Each structure stands twice: as C-alpha cells, then as structure tokens.
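Enquirer: Once you've had a glance at the structure underneath, I'll fire off some questions.
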Amino acid sequence: MNPNPLFPNRAATLSLEGAEASLARPPRLGVSACLLGHPTRYDGGHRRHEFIAAFLASRLELVPVCPEMEAGLGAPRETMQLTGDPERPRLVTTETGLDRTEFMERWAQQRVLEIETKRLDGFILKSGSPSCGWQGVKVRLGSGEVVREGIGLFARALAQGLPHLPVIEETALDDPGAWEEFISRTGAGTAGHLGLKKQKGSIP
Ligand code: SF4
C-alpha cells in the first residue's frame with residue numbers, strides 16, 4: 001500500500017525516523033468516527049468496525065473525527081461524490097449538485113492544524129468516502145465514466161498538512177502485514193509487542 005498518495009517519498013523518509021524514535025506509550029490514533037459506531041453517516045447510520053471499536057478502543061487512545069458532521073453538514077444529509085479531474089476533484093452533492101469543495105477544504109485545513117496539536121501517531125480512515133477515503137475513492141469524470149483514483153478531501157488535507165502521519169484504511173485491517181507495517185510506522189513498536197497482533201479474518 002502506498003503510505004502517502006500525495007507525498008510517497010517524504011512519507012517513507014519520515015516514517016523511518018518515526019520508527020527509530022520509539023514511543024514510550026501506545027500509539028494515539030485518529031479514527032473516522034463512523035468506524036467507532038458513531039451515527040455520523042449521511043443516513044444517520046454508522047460503519048462500526050469491531051476490531052477498532054471494541055478491541056483497539058479498549059487498549060489505545062482513539063480520537064474520533066467526522067469531517068462532514070464536524071463541518072456542520074448534519075445527519076441525515078445529502079450524499080456527496082467527487083467529480084472532475086481525479087488529481088483535483090470537486091466535492092459535489094449527488095442530487096442538487098451543490099459544490100462543497102472550498103467549504104470542506106477550508107474546514108479540513110483548519111481541522112488538520114487542530115489535529116496536529118493532539119500529537120496523533122496515526123490515523124485509521126474510512127475507505128471509499130469522498131471526505132475520508134485515502135485511496136481509490138470513486139471520481140465521476142466529465143464523460144460520466146467513474147474511476148477509482150480519488151482521495152477524500154479530508155484525507156488530502158491530512159496528507160498535505162501531516163505528510164509523515166501513518167495512515168491506514170479499515171479495509172486494510174484484514175491484512176495482518178499491512179496492520180503490522182502501520183503500527184511499526186507509528187514508532188510505538190510492533191503489534192505483537194503492544195498486544196495488538198491481528199490474525200487474518202479474526203478479531204483480533
Ligand atoms: S466516512 Fe468520514 S465523513 Fe463519512 S461518516 Fe464516516 S467519519 Fe464522517
């Protein structure tokens with residue numbers, strides 16, 4: 001997995017520095033709030049992920065963040081999608097075509113500055129979201145074709161503002177190797193050393 005889709009080389013360099021400067025405590029992780037069971041999705045639902053919401057939450061300090069709720073969009077709300085140039089997509093509501101790009105970009109940049117003060121060691125993001133998705137978010141091209149080449153607007157702001165921050169999507173948690181790599185990049189040690197070892201397809 002590409003550790004940072006916007007700054008791949010820089011992320012690799014800084015993550016090595018982080019791994020050498022081992023933390024004296026378990027990692028503090030940001031998490032997309034819906035993965036913890038918070039009712040933050042457009043329909044008022046959630047995407048609770050048991051490994052995160054039960055196993056990790058009982059062992060680590062997790063900091064929930066929901067860009068769309070925190071920005072004041074509320075729930076239920078109209079769904080949004082990325083459109084246009086995959087390199088610089090717009091964030092547009094699917095029914096009314098309201099363009100929320102600048103609004104969300106401004107909010108996300110400010111939120112990332114606040115997150116920096118929390119001294120997070122990593123972030124678990126919700127895949128596929130036009131706000132939180134890290135890789136392969138659907139982008140609707142002008143032709144109507146849909147490609148999976150986007151990054152969510154909040155995720156982009158994280159990558160730009162905190163390019164050294166280790167990030168993983170919840171879909172990658174089924175891969176014990178990806179999880180181990182993510183934990184080691186936080187600088188906290190190994191998943192086994194921290195009691196966070198994950199077996200494929202199980203919780204943990
Ligand atoms: S994916 Fe992100 S923006 Fe959407 S509900 Fe979850 S935390 Fe909120």
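Just so we're on the same page: first chain in the structure tokens is A, next is B, and so on; residues restart at 1 for each chain, and ligands are numbered from 1 in the order they show up.
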Report as a list in words which protein, DNA and RNA residues come within 8 Å of ligand 1, using only C-alpha atoms and all ligand atoms.

Expert: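 The residues near ligand 1 are Val31, Ser32, Ala33, Cys34, Leu35, Pro39, Thr40, Arg41, Tyr42, His46, Arg47, Pro64, Val65, Cys66, Pro67, Glu68, Met69, Leu125, Lys126, Ser127, Gly128, Ser129, Pro130, Ser131, Cys132 and Gly133 of chain A.
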
Enquirer: Keeping C-alpha atoms for every residue in the selection just given, could you write it to a file as a CSV table (one decimal), in the first residue's frame?

Expert:
```
chain,number,residue,atom,x,y,z
A,31,VAL,CA,-10.3,7.3,13.6
A,32,SER,CA,-13.1,8.1,11.2
A,33,ALA,CA,-15.9,8.4,13.7
A,34,CYS,CA,-18.4,6.1,11.9
A,35,LEU,CA,-15.9,3.2,12.3
A,39,PRO,CA,-24.1,7.8,13.9
A,40,THR,CA,-22.4,10.2,11.6
A,41,ARG,CA,-23.1,8.8,8.1
A,42,TYR,CA,-25.3,10.6,5.6
A,46,HIS,CA,-22.6,4.1,11.2
A,47,ARG,CA,-20.0,1.6,10.0
A,64,PRO,CA,-12.8,10.2,16.6
A,65,VAL,CA,-13.2,12.7,13.8
A,66,CYS,CA,-16.1,13.0,11.4
A,67,PRO,CA,-15.3,15.7,8.8
A,68,GLU,CA,-18.8,16.0,7.5
A,69,MET,CA,-20.6,16.2,10.8
A,125,LEU,CA,-9.7,6.3,7.8
A,126,LYS,CA,-13.0,5.1,6.3
A,127,SER,CA,-12.4,3.8,2.8
A,128,GLY,CA,-14.4,4.9,-0.2
A,129,SER,CA,-15.7,8.2,1.4
A,130,PRO,CA,-15.4,11.4,-0.6
A,131,SER,CA,-14.2,13.0,2.7
A,132,CYS,CA,-12.2,10.3,4.5
A,133,GLY,CA,-11.2,7.8,1.7
```

Enquirer: Per DSSP on the backbone, what are the helix (DSSP H, G or I) residues of region 56-184 of chain A, as a PyMOL selection string?

Expert: chain A and resi 56+67-70+101-117+153-161+170-174+176-184

Enquirer: With distances taken over only C-alpha atoms, which residue among A:Gln110, A:Thr190, A:Thr171, A:Thr83 lies nearest Glu149 (chain A)?

Expert: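 So, comparing all the options, the nearest one is A:Thr83.
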
Enquirer: For Gln109 (chain A), which residue out of A:Ala157, A:Leu62, A:Ala53, A:Leu29 is the nearest one, using only C-alpha atoms?

Expert: A:Ala157

Enquirer: Which residue out of A:Gly195, A:Gly44, A:Leu6, A:Phe123 has the minimum interatomic distance to Gln135 (chain A) when only C-alpha atoms are used?

Expert: A:Leu6

Enquirer: In Å, how far is it from CA of His38 (chain A) to CA of Phe55 (chain A)?

Expert: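 These atoms are spaced 16.0 Å apart.
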